[in-house]
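Novice: Provided herewith is a single structure, encoded as C-alpha cells, for subsequent inquiry.
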Amino acid sequence: MAVADTPVPDLAGRARACADRLCAADRVLLVSHIDADGLTSAAIASSALARAGIDHEVVFEKGLDEESIAGIAVREFEVVLFTDFGSGQLDVIAPHEARGDFVPVIADHHRPADADTAFHLNPLLEGIDGASELSGAGASYVLARALEGPDGDNRDLAGLAVVGAVGDMQDGGGGLVGANEAIVADGVDAGVLEERTDLDLYGRQTRPLPKLLEYASDVRIPGISNDEAGAIGFLRDLDVDVRRDGEWRRWIDLDGDERRTLVSALMQRAVASGVPADRIETLVGTSYTLLAEESGTELRDVSEFSTLLNATARYERADVGLAVCLGDRDGALSEARRLLRNHRRNLSEGLQWVKSEGVTHEDNLQWFDAGSRIRETIVGIVAGMAAGSPAVDRSKPVVAFAEKNATELKVSSRGTGRLVRQGLDLSTVMREASRAVGGDGGGHDVAAGATIPIDERDAFLDAADELVGAQLS
C-alpha cells in the first residue's frame, strides 16, 4: 500500500512494519479484547489476515495480565497479534519477547506502558489522541489497509472500524473526529457507510417512537423522558401519522417532512421546559448507517450494532459477536439478539440498583461497590450510564467496583469531557492507584479500569482520590 493510500499517514510506517512481520509469519495468534471495540478490532484484523493468506487463530481475553500472557506464550505461536490492548501491558509482554516465546505485534490505542517493541501501531506514539481520534478498531483498520495486496481493497472494513469507534464512545460532540474522519471517508467511498445529520437518539432503527423518546437519556425533556404516557401524549399532539395499521412507527419509517416536524416540536418542548441550550443542540448530531445491512435491524445503525456486540463477549460469547462481525446473519445473529435482551435487562437492573443505593462521595470522586449484584464485565457500562443520570454528581468522576472472583475486584471509572479538559486522566489514576495496592490498570483519560486485591478497596480509593485531586487542582 502506498503511503498516499493510507487513511492515517502518520501511522503508515508503523502499519507497514507490522504488516510485513505478519506476512512473514507461518501462523499468527490473534488476541483481542471483549468489548465492542475489541470484537470489531478482531474481525477487521482476522478478515485482513485471511485475505492476505495468513494462517491464524482468534482468541479473546477480558484483560491482559501476567497469567493470561503466560497462557498465550505456551500456545507456541511464532507471532502474536494483540488488538485493542497490549500497549498498556508491554512491560509484562517484554520478558516473553526477550525469551523468544513469541514476537508481539500490537494494534492498540491505549496508553503504552514504560516499554516498547519493534512492531507497535498506536496513535499515541505519533501524537494522535487514542481516546477521541482513533479506536482499537481504527488501529486494526490502519493495519488492514497495510495488509492489502497489489489488487486488494480492505476499505469495506471501514464500517466495522466506525462501529468500534462509536462503541468506544469516540463520537461525542458532533461525530467522529481526527483520524476517525479519514476512516469514515473510506467507508463512504467504498459504499458501505452513510454519514448524515440526524436526530441523535439511540434506537432510530428499531425502537417504536414512544420508546425512542421515553428512553432518550442524554437530553432530559420533562414530561417526555422516562415518562411513557408523556412521550405518547407528545407524539399524539403532532401533525404526524405516528401509527400505521395499529402499530407505532419507528424513526426510520418517517419521511423527511415528518422527521423535521418531530424534531422541531421536540426542540420547542425542550426550550419551554427550560432545558439548557447546549443540551438542546445535542438532540441533533451525526449518524452513521451501514448500507449493506437490512433497514430496521440492530446492525443498520452503528450505535445499535455496538450495543449488540457488547451483549455477546461480555457474557462469554465472543465467538457469537465475532461471527456477526464476519457476516453470519443466521444462527449467530439470532443468538446475539437473545443475549442483547438479557444484556439490556441486566443494565437496567444495574442502573436501578445504583439509583436506589446511591453513591459514596469522597473529596474528589464518587463510588459504588456492586459486589456480585452487577456482573464485572458490564459494571463499567453501568458506571457510564450512571454518570449520565441524575443519580450522580457530574463534577466528579465515578468509580465502580464489582467482584471479579474470590480474590479480586474489578474497578471501572468514568469521567466527562469537561473533567478531562480540566486535567483528569483516569488512565493514570487507575494504573497508579491499583499498582500502589498490588493490582494493575490503565485505559483512557475519560474511561479506565483496573483489577485489585479484594481487600484493598479502601486503600485504592484513598490513592485514587488523592490522584484525582492533584489532577483537578
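We label chains A, B, ... in the order they appear in the C-alpha cells, count residues from 1 in each chain, and number ligands from 1 in the order shown.
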Run DSSP on the backbone and grab whatever in segment 72-299 of chain A lands in helix (DSSP H, G or I); send it over as a VMD selection string.
Specialist: chain A and resid 72 to 73 87 to 99 123 to 126 136 to 146 155 to 167 179 to 189 209 to 214 228 to 236 251 to 253 256 to 272 277 to 281
Novice: For segment 121-125 of chain A, list every protein, DNA or RNA residue within 6 Å, evaluated using only C-alpha atoms, and leave out those in the same chain fewer than 4 positions away; present the list as a PyMOL selection string.
Specialist: chain A and resi 14+106-109+129-130
Novice: Can you pull out every residue within 8 Å of segment 290-306 of chain A, counting only C-alpha atoms, but drop anything in the same chain fewer than 2 positions away, and send it as an NGL selection string?
Specialist: :A and (36-37 or 159 or 162-164 or 166-167 or 191-194 or 202-206 or 252 or 287-288 or 308-310)
Novice: Would you write out those residues with N, CA, C and O atoms, as a short mmCIF file (atom, residue, chain, number, x, y, z; two decimals), in the first residue's frame?
Specialist:
```cif
data_model
loop_
_atom_site.label_atom_id
_atom_site.label_comp_id
_atom_site.auth_asym_id
_atom_site.auth_seq_id
_atom_site.Cartn_x
_atom_site.Cartn_y
_atom_site.Cartn_z
N ALA A 36 -17.05 -4.02 22.41
CA ALA A 36 -17.40 -3.81 21.00
C ALA A 36 -16.18 -3.40 20.18
O ALA A 36 -16.01 -3.84 19.04
N ASP A 37 -15.33 -2.56 20.76
CA ASP A 37 -14.13 -2.14 20.05
C ASP A 37 -13.18 -3.32 19.84
O ASP A 37 -12.58 -3.47 18.78
N GLY A 159 -16.55 0.17 7.84
CA GLY A 159 -17.80 0.20 8.61
C GLY A 159 -17.62 -0.40 10.00
O GLY A 159 -18.09 0.16 11.00
N VAL A 162 -15.82 1.95 12.29
CA VAL A 162 -16.69 3.00 12.82
C VAL A 162 -17.56 2.45 13.95
O VAL A 162 -17.80 3.13 14.96
N VAL A 163 -18.03 1.20 13.81
CA VAL A 163 -18.78 0.56 14.91
C VAL A 163 -17.91 0.52 16.17
O VAL A 163 -18.37 0.83 17.27
N GLY A 164 -16.63 0.16 16.00
CA GLY A 164 -15.73 0.09 17.14
C GLY A 164 -15.50 1.45 17.78
O GLY A 164 -15.52 1.58 19.01
N VAL A 166 -17.48 4.15 17.67
CA VAL A 166 -18.70 4.59 18.33
C VAL A 166 -18.94 3.77 19.60
O VAL A 166 -19.34 4.31 20.64
N GLY A 167 -18.66 2.47 19.54
CA GLY A 167 -18.78 1.63 20.73
C GLY A 167 -17.82 2.08 21.82
O GLY A 167 -18.09 1.88 23.01
N GLY A 191 -18.76 2.69 -0.32
CA GLY A 191 -20.19 2.42 -0.43
C GLY A 191 -20.77 1.58 0.68
O GLY A 191 -21.89 1.06 0.55
N VAL A 192 -20.05 1.46 1.81
CA VAL A 192 -20.56 0.65 2.92
C VAL A 192 -21.12 1.51 4.05
O VAL A 192 -21.76 1.00 4.97
N LEU A 193 -20.91 2.83 3.98
CA LEU A 193 -21.25 3.70 5.11
C LEU A 193 -21.92 4.97 4.61
O LEU A 193 -21.55 5.53 3.58
N GLU A 194 -22.94 5.43 5.36
CA GLU A 194 -23.55 6.73 5.09
C GLU A 194 -23.39 7.59 6.34
O GLU A 194 -23.65 7.14 7.45
N TYR A 202 -30.61 7.17 20.58
CA TYR A 202 -30.33 5.74 20.37
C TYR A 202 -31.62 5.00 20.02
O TYR A 202 -32.64 5.18 20.69
N GLY A 203 -31.56 4.15 19.01
CA GLY A 203 -32.70 3.31 18.66
C GLY A 203 -33.48 3.78 17.45
O GLY A 203 -34.64 3.38 17.27
N ARG A 204 -32.86 4.61 16.60
CA ARG A 204 -33.58 5.13 15.42
C ARG A 204 -34.07 4.01 14.50
O ARG A 204 -35.10 4.14 13.85
N GLN A 205 -33.32 2.90 14.45
CA GLN A 205 -33.69 1.81 13.54
C GLN A 205 -34.77 0.90 14.11
O GLN A 205 -35.63 0.41 13.38
N THR A 206 -34.73 0.65 15.41
CA THR A 206 -35.53 -0.45 15.96
C THR A 206 -36.61 -0.04 16.95
O THR A 206 -37.57 -0.78 17.14
N ILE A 252 -37.11 5.50 11.43
CA ILE A 252 -36.75 5.23 10.03
C ILE A 252 -37.97 5.11 9.14
O ILE A 252 -37.85 5.16 7.91
N SER A 287 -25.03 10.83 12.37
CA SER A 287 -25.35 9.40 12.43
C SER A 287 -24.55 8.66 11.36
O SER A 287 -24.19 9.22 10.33
N TYR A 288 -24.29 7.38 11.64
CA TYR A 288 -23.55 6.52 10.72
C TYR A 288 -24.38 5.28 10.45
O TYR A 288 -24.76 4.56 11.39
N LEU A 308 -25.19 -4.42 20.47
CA LEU A 308 -25.37 -5.85 20.22
C LEU A 308 -24.07 -6.61 20.49
O LEU A 308 -24.08 -7.68 21.11
N LEU A 309 -22.95 -6.05 20.05
CA LEU A 309 -21.65 -6.72 20.26
C LEU A 309 -21.30 -6.78 21.73
O LEU A 309 -20.78 -7.79 22.22
N ASN A 310 -21.56 -5.70 22.46
CA ASN A 310 -21.29 -5.71 23.90
C ASN A 310 -22.07 -6.80 24.62
O ASN A 310 -21.66 -7.29 25.67
#
```
Novice: Determine, counting only C-alpha atoms, which protein, DNA and RNA residues have an atom within 12 Å of an atom of Gln268 of chain A; residues of the same chain fewer than 3 positions away are not included. Present the result as a PDB file with C-alpha atoms, in the first residue's frame.
Specialist:
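Dumped everything to around-v5.pdb:
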```
ATOM      1  CA  ILE A 221     -37.023  16.693  28.482  1.00  0.00           C
ATOM      2  CA  PHE A 234     -46.415  14.380  22.877  1.00  0.00           C
ATOM      3  CA  THR A 261     -41.894  18.222  12.309  1.00  0.00           C
ATOM      4  CA  LEU A 262     -40.991  15.886  15.176  1.00  0.00           C
ATOM      5  CA  VAL A 263     -37.539  17.425  15.767  1.00  0.00           C
ATOM      6  CA  SER A 264     -38.938  20.970  15.705  1.00  0.00           C
ATOM      7  CA  ALA A 265     -41.665  20.086  18.223  1.00  0.00           C
ATOM      8  CA  VAL A 271     -36.952  25.187  25.281  1.00  0.00           C
ATOM      9  CA  ALA A 272     -40.316  25.612  27.025  1.00  0.00           C
ATOM     10  CA  SER A 273     -39.210  23.143  29.725  1.00  0.00           C
ATOM     11  CA  GLY A 274     -36.044  25.087  30.473  1.00  0.00           C
ATOM     12  CA  VAL A 275     -33.547  22.588  29.072  1.00  0.00           C
ATOM     13  CA  ALA A 277     -29.424  25.468  25.071  1.00  0.00           C
ATOM     14  CA  ILE A 280     -30.876  21.024  23.240  1.00  0.00           C
ATOM     15  CA  GLU A 281     -28.249  21.318  20.497  1.00  0.00           C
ATOM     16  CA  LEU A 283     -30.618  16.434  20.059  1.00  0.00           C
TER      17      LEU A 283
END
```
Novice: So that each row is one residue of segment 265-337 of chain A with an atom at most 12 Å from segment 47-62 of chain A, can you give its shortest atom pair and the distance in Å to one decimal, using only C-alpha atoms, rows by chain and rising number, as JSON lines?
Specialist:
```
{"residue": "A:Thr312", "atom": "CA", "partner": "A:Phe60", "partner_atom": "CA", "distance": 11.9}
{"residue": "A:Ala313", "atom": "CA", "partner": "A:Phe60", "partner_atom": "CA", "distance": 8.5}
{"residue": "A:Arg314", "atom": "CA", "partner": "A:Lys62", "partner_atom": "CA", "distance": 8.2}
{"residue": "A:Tyr315", "atom": "CA", "partner": "A:Lys62", "partner_atom": "CA", "distance": 10.6}
{"residue": "A:Glu316", "atom": "CA", "partner": "A:Lys62", "partner_atom": "CA", "distance": 9.3}
{"residue": "A:Arg317", "atom": "CA", "partner": "A:Phe60", "partner_atom": "CA", "distance": 9.8}
{"residue": "A:Ala318", "atom": "CA", "partner": "A:Phe60", "partner_atom": "CA", "distance": 7.0}
{"residue": "A:Asp319", "atom": "CA", "partner": "A:Phe60", "partner_atom": "CA", "distance": 8.8}
{"residue": "A:Val320", "atom": "CA", "partner": "A:Phe60", "partner_atom": "CA", "distance": 11.9}
{"residue": "A:Gly321", "atom": "CA", "partner": "A:Phe60", "partner_atom": "CA", "distance": 11.1}
{"residue": "A:Leu322", "atom": "CA", "partner": "A:Val58", "partner_atom": "CA", "distance": 9.4}
{"residue": "A:Ala323", "atom": "CA", "partner": "A:Ser47", "partner_atom": "CA", "distance": 11.3}
{"residue": "A:Cys325", "atom": "CA", "partner": "A:Ser47", "partner_atom": "CA", "distance": 9.8}
{"residue": "A:Leu326", "atom": "CA", "partner": "A:Ser47", "partner_atom": "CA", "distance": 7.6}
{"residue": "A:Gly327", "atom": "CA", "partner": "A:Ser47", "partner_atom": "CA", "distance": 10.7}
```
Novice: Would you export the selected residues with N, CA and C atoms as an mmCIF file, in the first residue's frame, please?
Specialist:
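Output (part09.cif):
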```cif
data_model
loop_
_atom_site.group_PDB
_atom_site.id
_atom_site.type_symbol
_atom_site.label_atom_id
_atom_site.label_comp_id
_atom_site.auth_asym_id
_atom_site.auth_seq_id
_atom_site.Cartn_x
_atom_site.Cartn_y
_atom_site.Cartn_z
ATOM 1 N N THR A 312 -22.526 -9.755 23.647
ATOM 2 C CA THR A 312 -22.033 -11.112 23.372
ATOM 3 C C THR A 312 -20.787 -11.450 24.185
ATOM 4 N N ALA A 313 -19.697 -10.783 23.910
ATOM 5 C CA ALA A 313 -18.424 -11.161 24.544
ATOM 6 C C ALA A 313 -18.425 -10.922 26.036
ATOM 7 N N ARG A 314 -19.186 -9.960 26.505
ATOM 8 C CA ARG A 314 -19.236 -9.699 27.947
ATOM 9 C C ARG A 314 -19.994 -10.793 28.698
ATOM 10 N N TYR A 315 -20.594 -11.715 27.944
ATOM 11 C CA TYR A 315 -21.268 -12.872 28.542
ATOM 12 C C TYR A 315 -20.644 -14.172 28.033
ATOM 13 N N GLU A 316 -19.320 -14.113 27.842
ATOM 14 C CA GLU A 316 -18.516 -15.269 27.420
ATOM 15 C C GLU A 316 -18.904 -15.820 26.051
ATOM 16 N N ARG A 317 -19.486 -14.995 25.187
ATOM 17 C CA ARG A 317 -19.835 -15.462 23.852
ATOM 18 C C ARG A 317 -19.199 -14.574 22.786
ATOM 19 N N ALA A 318 -17.895 -14.362 22.929
ATOM 20 C CA ALA A 318 -17.166 -13.585 21.925
ATOM 21 C C ALA A 318 -17.272 -14.235 20.551
ATOM 22 N N ASP A 319 -17.384 -15.563 20.523
ATOM 23 C CA ASP A 319 -17.491 -16.262 19.238
ATOM 24 C C ASP A 319 -18.731 -15.803 18.463
ATOM 25 N N VAL A 320 -19.811 -15.520 19.198
ATOM 26 C CA VAL A 320 -21.048 -15.060 18.557
ATOM 27 C C VAL A 320 -20.853 -13.666 17.966
ATOM 28 N N GLY A 321 -20.272 -12.758 18.760
ATOM 29 C CA GLY A 321 -20.034 -11.402 18.270
ATOM 30 C C GLY A 321 -19.105 -11.377 17.074
ATOM 31 N N LEU A 322 -18.051 -12.185 17.132
ATOM 32 C CA LEU A 322 -17.111 -12.239 16.008
ATOM 33 C C LEU A 322 -17.804 -12.757 14.754
ATOM 34 N N ALA A 323 -18.626 -13.794 14.921
ATOM 35 C CA ALA A 323 -19.329 -14.361 13.758
ATOM 36 C C ALA A 323 -20.267 -13.343 13.122
ATOM 37 N N CYS A 325 -19.863 -10.063 13.199
ATOM 38 C CA CYS A 325 -18.984 -9.099 12.513
ATOM 39 C C CYS A 325 -18.485 -9.662 11.179
ATOM 40 N N LEU A 326 -18.275 -10.973 11.140
ATOM 41 C CA LEU A 326 -17.744 -11.602 9.931
ATOM 42 C C LEU A 326 -18.836 -11.965 8.932
ATOM 43 N N GLY A 327 -20.105 -11.634 9.258
ATOM 44 C CA GLY A 327 -21.158 -11.774 8.260
ATOM 45 C C GLY A 327 -22.213 -12.827 8.505
#
```
Novice: Can you pull out the residues contacting segment 99-104 of chain A? Cut-off 12 Å, using only C-alpha atoms, and skip same-chain residues under 5 positions away; I want them as a compact mmCIF listing (two decimals) with N, CA and C atoms, in the first residue's frame.
Specialist:
```txt
# COMPACT_ATOMS: atom_id res chain seq x y z
N CYS A 18 4.43 -3.58 10.79
CA CYS A 18 3.60 -4.63 11.40
C CYS A 18 3.08 -5.60 10.34
N ARG A 21 5.78 -7.97 9.07
CA ARG A 21 6.12 -9.04 10.03
C ARG A 21 5.04 -10.11 10.05
N LEU A 22 3.79 -9.71 9.96
CA LEU A 22 2.69 -10.68 9.93
C LEU A 22 2.76 -11.54 8.67
N ALA A 24 5.32 -12.41 7.10
CA ALA A 24 6.47 -13.31 7.17
C ALA A 24 6.25 -14.48 8.13
N ALA A 25 5.15 -14.46 8.88
CA ALA A 25 4.90 -15.50 9.88
C ALA A 25 4.24 -16.72 9.26
N ARG A 27 2.30 -18.82 11.16
CA ARG A 27 0.97 -18.79 11.79
C ARG A 27 0.93 -17.65 12.78
N VAL A 28 -0.23 -17.07 12.96
CA VAL A 28 -0.39 -15.93 13.86
C VAL A 28 -1.51 -16.24 14.85
N LEU A 29 -1.28 -15.92 16.13
CA LEU A 29 -2.34 -15.97 17.12
C LEU A 29 -2.86 -14.55 17.31
N LEU A 30 -4.13 -14.33 17.01
CA LEU A 30 -4.76 -13.01 17.15
C LEU A 30 -5.51 -12.99 18.48
N VAL A 31 -5.10 -12.09 19.37
CA VAL A 31 -5.69 -11.98 20.71
C VAL A 31 -6.33 -10.61 20.84
N ILE A 69 -1.03 -13.69 29.75
CA ILE A 69 0.07 -13.60 28.79
C ILE A 69 0.94 -14.85 28.84
N ALA A 70 1.12 -15.41 30.04
CA ALA A 70 1.85 -16.69 30.14
C ALA A 70 1.09 -17.79 29.41
N GLY A 71 -0.26 -17.76 29.51
CA GLY A 71 -1.08 -18.74 28.79
C GLY A 71 -0.96 -18.59 27.29
N ILE A 72 -0.83 -17.35 26.83
CA ILE A 72 -0.63 -17.09 25.40
C ILE A 72 0.73 -17.63 24.95
N ALA A 73 1.73 -17.45 25.80
CA ALA A 73 3.10 -17.87 25.46
C ALA A 73 3.19 -19.37 25.24
N VAL A 74 2.49 -20.16 26.05
CA VAL A 74 2.60 -21.62 25.93
C VAL A 74 1.86 -22.16 24.71
N ARG A 75 1.12 -21.29 24.00
CA ARG A 75 0.45 -21.73 22.77
C ARG A 75 1.46 -21.95 21.64
N GLU A 76 2.67 -21.43 21.83
CA GLU A 76 3.79 -21.66 20.89
C GLU A 76 3.49 -21.16 19.47
N PHE A 77 2.91 -19.98 19.38
CA PHE A 77 2.79 -19.30 18.10
C PHE A 77 4.02 -18.42 17.93
N GLU A 78 4.53 -18.38 16.73
CA GLU A 78 5.72 -17.56 16.46
C GLU A 78 5.41 -16.07 16.64
N VAL A 79 4.24 -15.64 16.15
CA VAL A 79 3.84 -14.24 16.21
C VAL A 79 2.47 -14.14 16.87
N VAL A 80 2.32 -13.18 17.80
CA VAL A 80 1.04 -12.91 18.45
C VAL A 80 0.63 -11.48 18.13
N LEU A 81 -0.54 -11.33 17.50
CA LEU A 81 -1.08 -10.02 17.19
C LEU A 81 -2.10 -9.64 18.27
N PHE A 82 -1.82 -8.57 18.99
CA PHE A 82 -2.73 -8.06 20.02
C PHE A 82 -3.51 -6.90 19.44
N THR A 83 -4.85 -6.95 19.53
CA THR A 83 -5.67 -5.83 19.06
C THR A 83 -6.54 -5.31 20.19
N PHE A 85 -5.73 -4.02 22.88
CA PHE A 85 -4.94 -3.98 24.11
C PHE A 85 -3.54 -4.46 23.78
N GLY A 86 -2.66 -4.47 24.76
CA GLY A 86 -1.27 -4.85 24.53
C GLY A 86 -0.30 -3.73 24.81
N SER A 87 -0.64 -2.50 24.41
CA SER A 87 0.26 -1.37 24.66
C SER A 87 0.47 -1.15 26.16
N GLN A 89 0.25 -3.21 28.45
CA GLN A 89 0.81 -4.39 29.11
C GLN A 89 2.19 -4.76 28.54
N LEU A 90 2.81 -3.83 27.83
CA LEU A 90 4.10 -4.13 27.21
C LEU A 90 5.17 -4.50 28.23
N VAL A 92 4.75 -6.33 30.74
CA VAL A 92 4.56 -7.75 31.06
C VAL A 92 4.87 -8.62 29.83
N ILE A 93 4.61 -8.09 28.65
CA ILE A 93 4.88 -8.82 27.41
C ILE A 93 6.38 -8.90 27.13
N ALA A 94 7.10 -7.82 27.46
CA ALA A 94 8.53 -7.70 27.11
C ALA A 94 9.38 -8.89 27.55
N ASP A 116 8.71 -0.80 25.07
CA ASP A 116 8.30 -0.72 23.67
C ASP A 116 8.71 -1.99 22.95
N THR A 117 8.25 -2.11 21.73
CA THR A 117 8.56 -3.28 20.92
C THR A 117 8.65 -2.82 19.46
N ALA A 118 9.24 -3.63 18.62
CA ALA A 118 9.53 -3.21 17.25
C ALA A 118 8.27 -3.01 16.42
N PHE A 119 7.23 -3.80 16.69
CA PHE A 119 6.03 -3.79 15.84
C PHE A 119 4.85 -3.28 16.66
N HIS A 120 4.74 -1.96 16.74
CA HIS A 120 3.81 -1.32 17.67
C HIS A 120 3.06 -0.21 16.95
N LEU A 121 1.80 -0.45 16.64
CA LEU A 121 0.94 0.50 15.95
C LEU A 121 -0.03 1.10 16.96
```
Novice: Taking the backbone alone, and naming residues the way the document does, which bits of segment 148-225 of chain A are strand (DSSP E or B) by DSSP, as a list in words?
Specialist: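 These are the residues in question: Leu193, Glu194, Glu195, Arg196, Thr197, Asp198, Leu199 and Pro208 of chain A.
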Novice: Give me, as a PDB file with C-alpha atoms, in the first residue's frame, all polymer residues having an atom no more than 7 Å from Asn154 of chain A, counting only C-alpha atoms and skipping those fewer than 6 positions away in the same chain.
Specialist:
```
ATOM      1  CA  ALA A 144      -5.710  -3.963   7.450  1.00  0.00           C
ATOM      2  CA  ARG A 145      -5.071  -1.321   4.793  1.00  0.00           C
ATOM      3  CA  GLU A 148      -3.692  -5.161   1.205  1.00  0.00           C
TER       4      GLU A 148
END
```
Novice: Give me, please, the distance in Å between atom CA of Arg279 of chain A and atom CA of Val420 of chain A, quoted to one decimal.
Specialist: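 That distance, rounded to one decimal, is 18.8 Å.
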Novice: Here is a test: counting only C-alpha atoms, which residue of A:Arg220, A:Glu408, A:Pro276, A:Leu199 is nearest to Arg259 of chain A?
Specialist: A:Leu199
